[in-house]
$ cat structure_20.csv   # CSV, C-alpha atoms and all ligand atoms
chain,number,residue,atom,x,y,z
A,1,MET,CA,14.8,-22.9,-8.4
A,2,GLU,CA,13.6,-23.4,-4.8
A,3,GLN,CA,9.9,-23.9,-4.5
A,4,ILE,CA,8.5,-21.6,-1.8
A,5,ASN,CA,5.8,-23.1,0.5
A,6,PHE,CA,3.4,-20.2,1.0
A,7,ASP,CA,0.9,-22.6,2.5
A,8,GLU,CA,3.1,-22.8,5.6
A,9,ARG,CA,1.2,-21.3,8.6
A,10,ILE,CA,3.6,-19.2,10.7
A,11,GLU,CA,2.9,-18.4,14.3
A,12,LYS,CA,2.9,-14.6,14.8
A,13,ARG,CA,1.1,-14.4,18.1
A,14,PHE,CA,3.3,-13.2,21.0
A,15,THR,CA,5.8,-11.6,18.6
A,16,GLY,CA,4.5,-8.1,19.2
A,17,SER,CA,2.7,-8.2,15.9
A,18,VAL,CA,0.3,-5.3,15.4
A,19,LYS,CA,-1.9,-7.5,13.2
A,20,TRP,CA,-2.1,-10.5,15.6
A,21,ASP,CA,-1.3,-9.2,19.1
A,22,GLY,CA,-3.2,-5.9,18.6
A,23,LEU,CA,-6.5,-7.7,18.1
A,24,GLN,CA,-7.7,-7.4,21.7
A,25,SER,CA,-7.0,-3.7,22.0
A,26,LEU,CA,-8.2,-2.7,18.5
A,27,TYR,CA,-11.2,-5.1,18.0
A,28,GLY,CA,-12.0,-6.1,21.5
A,29,SER,CA,-11.2,-9.8,21.1
A,30,ASP,CA,-8.2,-11.9,20.4
A,31,GLU,CA,-10.2,-14.8,19.0
A,32,LEU,CA,-10.5,-13.2,15.6
A,33,ILE,CA,-8.8,-14.2,12.4
A,34,PRO,CA,-6.8,-11.0,11.5
A,35,MET,CA,-7.4,-10.2,7.9
A,36,TRP,CA,-7.0,-6.4,8.3
A,37,VAL,CA,-3.7,-4.4,8.2
A,38,ALA,CA,-1.6,-4.7,5.0
A,39,ASP,CA,0.9,-7.0,6.5
A,40,MET,CA,1.1,-10.5,5.0
A,41,ASP,CA,1.2,-13.8,6.9
A,42,VAL,CA,4.0,-15.2,4.8
A,43,ARG,CA,7.7,-15.4,5.5
A,44,PRO,CA,10.0,-13.0,3.7
A,45,PRO,CA,12.4,-14.5,1.2
A,46,HIS,CA,14.9,-16.7,3.1
A,47,HIS,CA,18.0,-15.0,1.7
A,48,LEU,CA,16.6,-11.7,3.1
A,49,THR,CA,16.2,-13.0,6.6
A,50,GLU,CA,19.6,-14.6,6.4
A,51,ARG,CA,21.3,-11.3,5.4
A,52,LEU,CA,19.5,-9.5,8.2
A,53,THR,CA,20.5,-12.2,10.6
A,54,ARG,CA,24.2,-11.9,9.5
A,55,ARG,CA,24.0,-8.1,9.8
A,56,ALA,CA,22.5,-8.4,13.3
A,57,ALA,CA,25.2,-10.9,14.3
A,58,THR,CA,27.9,-8.3,13.7
A,59,GLY,CA,26.6,-6.6,16.9
A,60,HIS,CA,27.1,-3.2,15.2
A,61,PHE,CA,24.0,-1.1,15.9
A,62,GLY,CA,25.6,2.3,15.7
A,63,TYR,CA,24.1,5.1,13.6
A,64,ALA,CA,23.9,3.9,10.1
A,65,LEU,CA,24.4,5.3,6.6
A,66,PHE,CA,22.0,4.9,3.7
A,67,THR,CA,24.6,2.9,1.8
A,68,ASP,CA,25.6,3.1,-1.8
A,69,GLU,CA,24.8,-0.6,-2.0
A,70,ALA,CA,21.1,0.1,-1.0
A,71,GLN,CA,20.8,3.0,-3.3
A,72,GLN,CA,22.3,1.1,-6.3
A,73,ALA,CA,19.9,-1.8,-5.5
A,74,ILE,CA,17.0,0.7,-5.9
A,75,GLN,CA,18.4,1.9,-9.2
A,76,GLN,CA,18.8,-1.7,-10.5
A,77,TRP,CA,15.3,-2.6,-9.4
A,78,PHE,CA,13.8,0.3,-11.4
A,79,HIS,CA,16.0,-0.4,-14.3
A,80,LYS,CA,15.1,-4.1,-14.5
A,81,ARG,CA,11.5,-4.0,-13.5
A,82,TYR,CA,10.3,-0.7,-14.9
A,83,HIS,CA,12.9,0.2,-17.5
A,84,VAL,CA,13.3,3.5,-15.7
A,85,GLU,CA,16.8,5.0,-15.1
A,86,VAL,CA,17.1,6.5,-11.6
A,87,ASP,CA,20.1,8.9,-10.9
A,88,GLN,CA,21.5,7.8,-7.5
A,89,THR,CA,21.7,11.4,-6.3
A,90,THR,CA,17.9,11.7,-6.5
A,91,ILE,CA,17.2,9.0,-3.9
A,92,LEU,CA,16.5,9.9,-0.3
A,93,TYR,CA,16.0,7.6,2.6
A,94,SER,CA,12.7,7.7,4.4
A,95,SER,CA,11.7,5.9,7.6
A,96,GLY,CA,8.4,4.8,6.1
A,97,VAL,CA,6.3,5.7,3.1
A,98,VAL,CA,3.8,7.6,5.2
A,99,PRO,CA,6.5,9.8,6.9
A,100,GLY,CA,7.9,10.4,3.4
A,101,LEU,CA,4.5,11.6,2.2
A,102,ALA,CA,4.1,13.8,5.3
A,103,HIS,CA,7.5,15.4,4.8
A,104,THR,CA,6.8,16.0,1.1
A,105,VAL,CA,3.5,17.7,2.0
A,106,LEU,CA,5.3,19.9,4.5
A,107,ALA,CA,8.1,20.8,2.1
A,108,LEU,CA,6.0,21.6,-1.0
A,109,THR,CA,2.8,23.1,0.4
A,110,GLU,CA,1.6,25.7,2.9
A,111,PRO,CA,-1.2,25.5,5.4
A,112,GLY,CA,-4.5,26.2,3.5
A,113,ASP,CA,-3.2,24.8,0.2
A,114,SER,CA,-5.4,22.3,-1.6
A,115,ILE,CA,-4.3,18.7,-2.0
A,116,ILE,CA,-6.2,16.3,-4.2
A,117,ILE,CA,-6.6,12.6,-3.4
A,118,GLN,CA,-8.7,10.0,-5.1
A,119,THR,CA,-11.1,8.5,-2.6
A,120,PRO,CA,-11.7,6.0,-1.3
A,121,VAL,CA,-8.1,5.9,-0.4
A,122,TYR,CA,-5.6,4.8,2.3
A,123,PRO,CA,-6.6,6.7,5.4
A,124,PRO,CA,-3.2,8.3,6.3
A,125,PHE,CA,-3.5,10.3,3.0
A,126,HIS,CA,-6.5,12.1,4.7
A,127,GLN,CA,-4.7,12.4,8.0
A,128,ILE,CA,-1.5,13.9,6.6
A,129,ILE,CA,-3.4,16.6,4.8
A,130,GLN,CA,-5.8,17.4,7.6
A,131,SER,CA,-3.5,17.3,10.5
A,132,ASN,CA,-1.1,19.7,8.7
A,133,GLN,CA,-3.9,22.1,8.1
A,134,ARG,CA,-3.9,21.6,4.3
A,135,GLN,CA,-7.2,21.5,2.5
A,136,LEU,CA,-8.3,18.0,1.5
A,137,VAL,CA,-9.9,17.9,-2.0
A,138,GLU,CA,-11.6,14.6,-2.8
A,139,ASN,CA,-11.6,13.5,-6.4
A,140,PRO,CA,-13.8,10.4,-5.9
A,141,LEU,CA,-12.9,7.5,-8.2
A,142,LEU,CA,-15.9,6.4,-10.3
A,143,LEU,CA,-16.9,2.9,-9.8
A,144,ASP,CA,-17.9,1.7,-13.2
A,145,GLY,CA,-19.2,-1.8,-12.7
A,146,GLU,CA,-16.2,-3.4,-11.0
A,147,VAL,CA,-13.6,-1.0,-12.2
A,148,TYR,CA,-12.6,2.4,-10.7
A,149,ARG,CA,-11.9,5.3,-13.1
A,150,THR,CA,-10.6,8.8,-12.7
A,151,ASP,CA,-13.2,11.6,-13.0
A,152,PHE,CA,-11.2,13.8,-15.4
A,153,THR,CA,-13.8,16.5,-15.7
A,154,LEU,CA,-13.8,17.1,-12.0
A,155,LEU,CA,-10.1,16.6,-11.7
A,156,GLU,CA,-9.4,19.4,-14.2
A,157,GLU,CA,-11.6,21.8,-12.2
A,158,GLN,CA,-9.8,20.8,-9.0
A,159,MET,CA,-6.4,21.1,-10.5
A,160,LYS,CA,-7.0,24.8,-11.3
A,161,SER,CA,-6.7,25.7,-7.6
A,162,ALA,CA,-4.7,22.8,-6.2
A,163,ARG,CA,-1.0,22.8,-5.2
A,164,MET,CA,-0.6,19.0,-5.1
A,165,MET,CA,-2.1,15.7,-6.0
A,166,ILE,CA,-1.2,12.6,-4.0
A,167,LEU,CA,-1.6,9.4,-6.1
A,168,CYS,CA,-1.9,6.0,-4.7
A,169,SER,CA,-0.5,4.0,-7.6
A,170,PRO,CA,-1.4,1.1,-7.5
A,171,HIS,CA,-4.4,2.0,-5.5
A,172,ASN,CA,-5.1,0.9,-2.0
A,173,PRO,CA,-7.9,-0.3,-1.2
A,174,SER,CA,-9.1,-1.1,-4.7
A,175,GLY,CA,-6.0,-2.7,-6.2
A,176,LYS,CA,-6.5,-0.5,-9.3
A,177,VAL,CA,-3.4,-0.2,-11.5
A,178,PHE,CA,-3.5,3.1,-13.3
A,179,GLY,CA,-3.0,2.6,-17.0
A,180,LYS,CA,-0.2,4.6,-18.7
A,181,ASP,CA,-2.8,6.7,-20.6
A,182,GLU,CA,-4.6,7.5,-17.4
A,183,LEU,CA,-1.4,8.6,-15.7
A,184,PHE,CA,-0.4,10.6,-18.8
A,185,ARG,CA,-3.6,12.5,-18.7
A,186,ILE,CA,-3.2,13.2,-14.9
A,187,VAL,CA,0.4,14.4,-15.5
A,188,GLU,CA,-0.6,16.6,-18.4
A,189,LEU,CA,-3.3,18.3,-16.3
A,190,ALA,CA,-0.8,18.7,-13.5
A,191,LYS,CA,1.7,20.3,-15.9
A,192,GLN,CA,-1.0,22.6,-17.3
A,193,TYR,CA,-1.9,23.9,-13.8
A,194,GLY,CA,1.6,23.6,-12.1
A,195,VAL,CA,0.5,21.0,-9.6
A,196,TYR,CA,2.9,18.7,-7.8
A,197,VAL,CA,2.3,15.0,-8.3
A,198,VAL,CA,3.4,12.8,-5.4
A,199,SER,CA,3.0,9.1,-6.1
A,200,ASP,CA,2.9,6.5,-3.4
A,201,GLU,CA,4.0,3.3,-5.3
A,202,ILE,CA,4.4,1.0,-2.3
A,203,HIS,CA,2.2,-1.6,-4.0
A,204,ALA,CA,3.9,-1.4,-7.4
A,205,ASP,CA,5.7,-4.7,-7.5
A,206,LEU,CA,2.5,-6.7,-6.6
A,207,VAL,CA,0.8,-6.5,-10.0
A,208,TYR,CA,-1.1,-9.4,-11.5
A,209,THR,CA,-1.3,-10.9,-14.9
A,210,GLY,CA,-2.7,-8.5,-17.5
A,211,ALA,CA,-1.8,-5.2,-15.7
A,212,THR,CA,1.4,-3.2,-15.9
A,213,HIS,CA,2.5,-0.6,-13.4
A,214,THR,CA,4.0,2.6,-14.8
A,215,PRO,CA,6.1,4.6,-12.3
A,216,ILE,CA,5.4,8.4,-12.2
A,217,LEU,CA,9.1,8.8,-13.2
A,218,ALA,CA,8.3,7.5,-16.7
A,219,PHE,CA,6.7,10.9,-17.5
A,220,ASP,CA,8.4,14.1,-18.6
A,221,TYR,CA,7.5,16.4,-15.7
A,222,GLU,CA,9.8,17.8,-13.1
A,223,LYS,CA,7.3,18.4,-10.3
A,224,VAL,CA,7.0,14.7,-9.3
A,225,VAL,CA,8.0,12.8,-6.2
A,226,LEU,CA,7.9,9.0,-6.1
A,227,ILE,CA,7.8,7.3,-2.7
A,228,SER,CA,8.1,3.6,-2.2
A,229,ALA,CA,9.7,0.7,-0.3
A,230,PRO,CA,10.3,-3.0,-0.6
A,231,SER,CA,8.1,-3.4,2.4
A,232,LYS,CA,4.8,-4.7,1.0
A,233,THR,CA,6.6,-6.7,-1.8
A,234,PHE,CA,8.8,-8.7,0.6
A,235,ASN,CA,6.6,-8.5,3.7
A,236,ILE,CA,9.1,-6.4,5.8
A,237,PRO,CA,7.0,-3.3,6.7
A,238,GLY,CA,8.2,-3.2,10.3
A,239,LEU,CA,11.7,-2.5,9.1
A,240,TYR,CA,10.8,1.0,7.9
A,241,ALA,CA,13.2,0.8,5.0
A,242,SER,CA,11.7,3.2,2.5
A,243,TYR,CA,12.8,5.9,0.0
A,244,LEU,CA,11.9,8.9,-2.0
A,245,ILE,CA,13.0,9.5,-5.6
A,246,VAL,CA,13.0,13.2,-6.3
A,247,PRO,CA,14.4,14.1,-9.8
A,248,ASP,CA,14.3,17.9,-9.4
A,249,PRO,CA,17.2,19.3,-7.3
A,250,SER,CA,15.4,22.2,-5.9
A,251,ILE,CA,12.4,20.1,-4.8
A,252,ARG,CA,14.8,17.6,-3.4
A,253,LYS,CA,16.6,20.3,-1.3
A,254,ARG,CA,13.2,21.4,0.1
A,255,ILE,CA,12.3,17.9,1.2
A,256,GLU,CA,15.8,17.3,2.6
A,257,ARG,CA,15.5,20.4,4.7
A,258,VAL,CA,12.2,19.1,6.2
A,259,GLN,CA,13.8,15.7,6.8
A,260,GLN,CA,16.7,17.4,8.6
A,261,ARG,CA,14.2,19.3,10.8
A,262,HIS,CA,12.5,16.0,11.6
A,263,PHE,CA,15.8,14.1,12.2
A,264,VAL,CA,15.1,11.4,9.7
A,265,HIS,CA,17.9,8.8,9.8
A,266,PRO,CA,18.1,5.2,8.6
A,267,ASN,CA,17.8,2.5,11.3
A,268,ALA,CA,20.7,0.0,11.5
A,269,LEU,CA,19.0,-2.7,9.3
A,270,ALA,CA,17.4,-0.5,6.7
A,271,SER,CA,20.2,-0.5,4.1
A,272,THR,CA,20.8,-4.2,4.4
A,273,ALA,CA,17.1,-4.8,4.0
A,274,ILE,CA,16.8,-2.7,0.8
A,275,ALA,CA,20.0,-4.1,-0.7
A,276,ALA,CA,19.0,-7.7,0.0
A,277,ALA,CA,15.4,-7.2,-1.2
A,278,TYR,CA,16.2,-5.4,-4.4
A,279,GLY,CA,19.7,-6.5,-5.2
A,280,GLU,CA,19.4,-10.2,-5.4
A,281,VAL,CA,18.1,-12.4,-8.2
A,282,ALA,CA,16.6,-14.7,-5.6
A,283,SER,CA,14.2,-11.9,-4.7
A,284,GLU,CA,12.8,-11.9,-8.2
A,285,GLN,CA,12.3,-15.6,-8.2
A,286,TRP,CA,10.6,-15.5,-4.8
A,287,LEU,CA,8.4,-12.6,-6.0
A,288,ALA,CA,7.3,-14.4,-9.1
A,289,GLN,CA,6.1,-17.3,-7.0
A,290,LEU,CA,4.4,-15.0,-4.5
A,291,LEU,CA,2.5,-13.3,-7.2
A,292,LEU,CA,1.2,-16.6,-8.5
A,293,TYR,CA,0.1,-17.6,-5.0
A,294,LEU,CA,-1.6,-14.3,-4.3
A,295,GLU,CA,-3.3,-14.3,-7.7
A,296,SER,CA,-4.8,-17.7,-7.0
A,297,ASN,CA,-5.9,-16.6,-3.6
A,298,ARG,CA,-7.6,-13.6,-5.2
A,299,ASP,CA,-9.4,-15.8,-7.8
A,300,HIS,CA,-10.4,-18.4,-5.2
A,301,ALA,CA,-11.7,-15.8,-2.7
A,302,ILE,CA,-13.7,-14.0,-5.3
A,303,GLN,CA,-15.2,-17.2,-6.6
A,304,ARG,CA,-16.2,-18.3,-3.1
A,305,ILE,CA,-17.7,-14.9,-2.2
A,306,ARG,CA,-19.7,-14.6,-5.5
A,307,GLN,CA,-21.0,-18.1,-5.0
A,308,GLU,CA,-21.7,-18.2,-1.3
A,309,MET,CA,-22.4,-14.5,-0.6
A,310,PRO,CA,-24.0,-13.1,-3.8
A,311,ALA,CA,-25.2,-9.9,-2.1
A,312,LEU,CA,-21.6,-8.8,-1.6
A,313,GLN,CA,-19.9,-6.9,-4.4
A,314,VAL,CA,-16.2,-7.5,-4.8
A,315,VAL,CA,-13.9,-5.2,-6.7
A,316,VAL,CA,-11.4,-7.4,-8.6
A,317,PRO,CA,-7.9,-6.1,-7.7
A,318,GLU,CA,-5.3,-5.9,-10.5
A,319,SER,CA,-2.6,-5.7,-7.8
A,320,THR,CA,-1.8,-6.2,-4.2
A,321,PHE,CA,-3.3,-8.5,-1.6
A,322,LEU,CA,-6.4,-6.6,-0.6
A,323,LEU,CA,-10.0,-7.3,-1.5
A,324,TRP,CA,-12.3,-4.4,-1.4
A,325,ILE,CA,-15.8,-5.7,-0.8
A,326,ASP,CA,-19.1,-3.8,-0.7
A,327,PHE,CA,-21.5,-4.9,2.1
A,328,LYS,CA,-24.1,-2.3,1.2
A,329,ALA,CA,-26.8,-4.9,0.3
A,330,LEU,CA,-26.7,-6.2,3.9
A,331,GLU,CA,-28.1,-2.8,5.0
A,332,LEU,CA,-26.0,-2.6,8.2
A,333,ASP,CA,-24.7,0.8,9.3
A,334,GLY,CA,-20.9,1.1,9.8
A,335,LYS,CA,-21.1,0.4,13.6
A,336,SER,CA,-23.5,-2.6,13.3
A,337,ARG,CA,-21.4,-4.1,10.5
A,338,ALA,CA,-18.2,-3.7,12.6
A,339,ASP,CA,-19.9,-5.4,15.6
A,340,TRP,CA,-21.4,-8.1,13.4
A,341,LEU,CA,-18.0,-8.9,11.8
A,342,VAL,CA,-16.4,-9.3,15.2
A,343,LYS,CA,-19.2,-11.1,17.1
A,344,GLU,CA,-20.8,-13.1,14.4
A,345,ALA,CA,-18.0,-13.7,11.9
A,346,GLY,CA,-15.0,-13.7,14.2
A,347,LEU,CA,-13.0,-11.6,11.8
A,348,ALA,CA,-10.9,-8.5,12.0
A,349,LEU,CA,-11.3,-6.6,8.7
A,350,THR,CA,-10.4,-3.0,7.8
A,351,HIS,CA,-13.5,-0.8,7.8
A,352,GLY,CA,-14.1,1.3,4.7
A,353,GLN,CA,-15.3,4.5,6.3
A,354,PRO,CA,-11.9,6.1,7.0
A,355,PHE,CA,-11.0,5.7,3.3
A,356,GLY,CA,-13.4,8.6,2.6
A,357,SER,CA,-16.2,9.1,0.1
A,358,GLY,CA,-17.3,5.8,-1.5
A,359,GLY,CA,-15.8,3.7,1.2
A,360,GLU,CA,-18.6,3.8,3.8
A,361,THR,CA,-20.3,0.5,2.9
A,362,PHE,CA,-17.0,-1.4,2.2
A,363,GLU,CA,-14.7,-3.7,4.1
A,364,ARG,CA,-11.1,-4.6,3.1
A,365,LEU,CA,-10.0,-8.2,3.4
A,366,ASN,CA,-6.3,-9.1,3.4
A,367,ILE,CA,-5.7,-12.2,1.3
A,368,GLY,CA,-1.9,-12.2,1.7
A,369,CYS,CA,-2.0,-15.4,3.8
A,370,PRO,CA,-1.9,-19.2,3.5
A,371,ARG,CA,-4.9,-20.5,1.6
A,372,ALA,CA,-6.1,-22.5,4.7
A,373,GLN,CA,-6.3,-19.2,6.7
A,374,LEU,CA,-8.1,-17.5,3.9
A,375,ASP,CA,-10.6,-20.4,3.6
A,376,GLN,CA,-11.2,-20.4,7.3
A,377,ALA,CA,-11.9,-16.6,7.2
A,378,ILE,CA,-14.3,-17.1,4.3
A,379,ASP,CA,-16.0,-20.0,6.0
A,380,ARG,CA,-16.7,-17.8,9.0
A,381,LEU,CA,-17.9,-14.9,6.9
A,382,SER,CA,-20.1,-17.2,4.8
A,383,SER,CA,-21.8,-18.8,7.8
A,384,ALA,CA,-22.4,-15.4,9.5
A,385,TYR,CA,-23.8,-14.1,6.2
A,386,THR,CA,-26.2,-17.1,5.9
A,387,ARG,CA,-27.4,-16.7,9.5
A,388,LEU,CA,-28.0,-13.0,8.9
A,389,LEU,CA,-30.1,-13.5,5.8
A,390,GLU,CA,-32.1,-16.2,7.6
A,391,LYS,CA,-33.2,-13.8,10.3
B,401,LIG,C1,-0.7,3.0,-0.1
B,401,LIG,C2,0.2,2.8,1.2
B,401,LIG,N1,1.1,3.7,1.5
B,401,LIG,C3,1.9,3.5,2.6
B,401,LIG,C4,1.7,2.4,3.5
B,401,LIG,C5,2.5,2.3,4.7
B,401,LIG,O1,3.7,2.7,4.5
B,401,LIG,P1,4.7,2.8,5.8
B,401,LIG,O2,4.3,1.8,6.8
B,401,LIG,O3,6.1,2.5,5.2
B,401,LIG,O4,4.6,4.2,6.3
B,401,LIG,C6,0.7,1.5,3.1
B,401,LIG,C7,0.4,0.4,4.0
B,401,LIG,O5,-0.6,-0.3,4.0
B,401,LIG,C8,-0.1,1.7,2.0
B,401,LIG,O6,-1.0,0.8,1.6
$ encode --input "structure_20.csv" --output "structure tokens" --more "lines below"
Ligand SMILES: Cc1ncc(COP(=O)(O)O)c(C=O)c1O
Amino acid sequence: MEQINFDERIEKRFTGSVKWDGLQSLYGSDELIPMWVADMDVRPPHHLTERLTRRAATGHFGYALFTDEAQQAIQQWFHKRYHVEVDQTTILYSSGVVPGLAHTVLALTEPGDSIIIQTPVYPPFHQIIQSNQRQLVENPLLLDGEVYRTDFTLLEEQMKSARMMILCSPHNPSGKVFGKDELFRIVELAKQYGVYVVSDEIHADLVYTGATHTPILAFDYEKVVLISAPSKTFNIPGLYASYLIVPDPSIRKRIERVQQRHFVHPNALASTAIAAAYGEVASEQWLAQLLLYLESNRDHAIQRIRQEMPALQVVVPESTFLLWIDFKALELDGKSRADWLVKEAGLALTHGQPFGSGGETFERLNIGCPRAQLDQAIDRLSSAYTRLLEK
């Protein structure tokens, strides 16, 4: 099997990359190491790039179908990886996971309806609910030492009057992988109160040793929608090749109608990307190596932070390439911390405040990059930390 060199540093500047070329406009300096948006600094699997290149070389960029090959690759992926059988007719294309969430909210809820999310959580969850005049109900995850847990007592109260719950499973920013029992309890409550469960599973494939992801489709409940993509797994988020799986035909019809009203169509590379990502054995081999690399980045970063910056509290992620770090002990307010990170540490991190309750004192650090880049970022953070404490 080919050994992948994830240590390779790839030049992304001047490619129109949001992560690298957006630094000046978003953080006010292009001298920073970008450790923010959930976009890795590793090359996608070689066979994937090759298939996309071959597809591009045909010169056919006409309107595209969501092909059988792509849909069957999704089926296969769920069968092999999660032992879940997906009926091909239940799969819908989506031009992104976030648009898929927004369309599902529009299809299944009305203005004023309550939608539960587990904060701190990925900011677009908040935006979708609020910008569509739905009522945002925060069910804050309880931080128990280093582990986040669902507050079931509060959740049951909230379910009584909610229309929908949007799960982030696995959870961004904490990397929490919901256990099967925890999901079962959530689904049972949703059943009892007739609440839709919409599960964003974009991080599902990036789960580390000791944890197991359970798709929402594994439970016996018709009011569920799963939304996902190979985008985080294979580092192709800019291709907007995503999908929804909607087992219930009437729910599916409602979502399809909203998609039609919003003119959702696959771009010309989407089906090829999904088919190559999910349909080839080489992808699984690549992913197995990526997970080892990321897990060792995770362990290394946590060890360094604990040793060199003991006042920072790191949540140990069970999945994905994001480290959620509490800076509370530094006693900087959000604005001062943001300035300090840019001016003193030379880093672009994702600030915790937009993730909602419980996120205010946190920063999110993306560890999906070559080890040398990660070390350089931690070196900068560590020396800024030391200078700050010496003051
Ligand atoms: C939980 C979650 N959902 C959705 C997305 C983005 O999905 P898309 O770019 O396909 O809309 C991200 C990206 O970070 C994410 O973390």
$ residues_near_ligand --input "structure_20.csv" --ligand "ligand LIG 401 (chain B)" --cutoff "8 Å" --atoms "all atoms listed in the file" --output "mmCIF file with C-alpha atoms, keeping the file's coordinate frame"
data_model
loop_
_atom_site.group_PDB
_atom_site.id
_atom_site.type_symbol
_atom_site.label_atom_id
_atom_site.label_comp_id
_atom_site.auth_asym_id
_atom_site.auth_seq_id
_atom_site.Cartn_x
_atom_site.Cartn_y
_atom_site.Cartn_z
ATOM 1 C CA VAL A 37 -3.700 -4.400 8.200
ATOM 2 C CA ALA A 38 -1.600 -4.700 5.000
ATOM 3 C CA ASP A 39 0.900 -7.000 6.500
ATOM 4 C CA SER A 95 11.700 5.900 7.600
ATOM 5 C CA GLY A 96 8.400 4.800 6.100
ATOM 6 C CA VAL A 97 6.300 5.700 3.100
ATOM 7 C CA VAL A 98 3.800 7.600 5.200
ATOM 8 C CA PRO A 99 6.500 9.800 6.900
ATOM 9 C CA GLY A 100 7.900 10.400 3.400
ATOM 10 C CA VAL A 121 -8.100 5.900 -0.400
ATOM 11 C CA TYR A 122 -5.600 4.800 2.300
ATOM 12 C CA PRO A 124 -3.200 8.300 6.300
ATOM 13 C CA CYS A 168 -1.900 6.000 -4.700
ATOM 14 C CA SER A 169 -0.500 4.000 -7.600
ATOM 15 C CA PRO A 170 -1.400 1.100 -7.500
ATOM 16 C CA HIS A 171 -4.400 2.000 -5.500
ATOM 17 C CA ASN A 172 -5.100 0.900 -2.000
ATOM 18 C CA PRO A 173 -7.900 -0.300 -1.200
ATOM 19 C CA ASP A 200 2.900 6.500 -3.400
ATOM 20 C CA GLU A 201 4.000 3.300 -5.300
ATOM 21 C CA ILE A 202 4.400 1.000 -2.300
ATOM 22 C CA HIS A 203 2.200 -1.600 -4.000
ATOM 23 C CA SER A 228 8.100 3.600 -2.200
ATOM 24 C CA ALA A 229 9.700 0.700 -0.300
ATOM 25 C CA SER A 231 8.100 -3.400 2.400
ATOM 26 C CA LYS A 232 4.800 -4.700 1.000
ATOM 27 C CA PRO A 237 7.000 -3.300 6.700
ATOM 28 C CA GLY A 238 8.200 -3.200 10.300
ATOM 29 C CA TYR A 240 10.800 1.000 7.900
ATOM 30 C CA ALA A 241 13.200 0.800 5.000
ATOM 31 C CA SER A 242 11.700 3.200 2.500
#
$ residues_around --input "structure_20.csv" --residues "Ser161 of chain A" --least-positions-apart "6" --cutoff "9 Å" --atoms "only C-alpha atoms" --output "VMD selection string"
chain A and resid 113 to 114 193 195
$ atom_distance --input "structure_20.csv" --atom1 "atom CA of Ala277 of chain A" --atom2 "atom CA of Thr67 of chain A"
14.0 Å
$ axis_aligned_box --input "structure_20.csv" --around "segment 93-103 of chain A" --padding-each-side "8 Å" --output "JSON"
{"center_x": 9.9, "center_y": 10.1, "center_z": 4.9, "size_x": 28.2, "size_y": 26.6, "size_z": 21.4}
$ residues_around --input "structure_20.csv" --residues "Leu381 of chain A" --least-positions-apart "3" --cutoff "12 Å" --atoms "all atoms listed in the file" --output "ChimeraX atom specification"
/A:32-33,35,301,304-305,308-309,312,327,337,340-349,363,365,374-378,384-388
$ atom_distance --input "structure_20.csv" --atom1 "atom CA of Ile255 of chain A" --atom2 "atom CA of Leu108 of chain A"
7.6 Å
$ residues_around --input "structure_20.csv" --residues "Asp68 of chain A" --least-positions-apart "5" --cutoff "10 Å" --atoms "all atoms listed in the file" --output "list in words"
Ala73, Ile74, Gln88, Ser271 and Ala275 of chain A
$ atom_distance --input "structure_20.csv" --atom1 "atom CA of Thr209 of chain A" --atom2 "atom CA of Leu287 of chain A"
13.3 Å
$ closest_residue --input "structure_20.csv" --among "A:Thr89, A:Asn235, A:Gln313, A:Gln289" --to "Val147 of chain A" --atoms "all atoms listed in the file"
A:Gln313
$ closest_residue --input "structure_20.csv" --among "A:Tyr278, A:Glu318, A:Phe263, A:Arg51" --to "Phe178 of chain A" --atoms "all atoms listed in the file"
A:Glu318
$ residues_around --input "structure_20.csv" --residues "Ala70 of chain A" --least-positions-apart "5" --cutoff "9 Å" --atoms "all atoms listed in the file" --output "ChimeraX atom specification"
/A:75,270-276,278-279
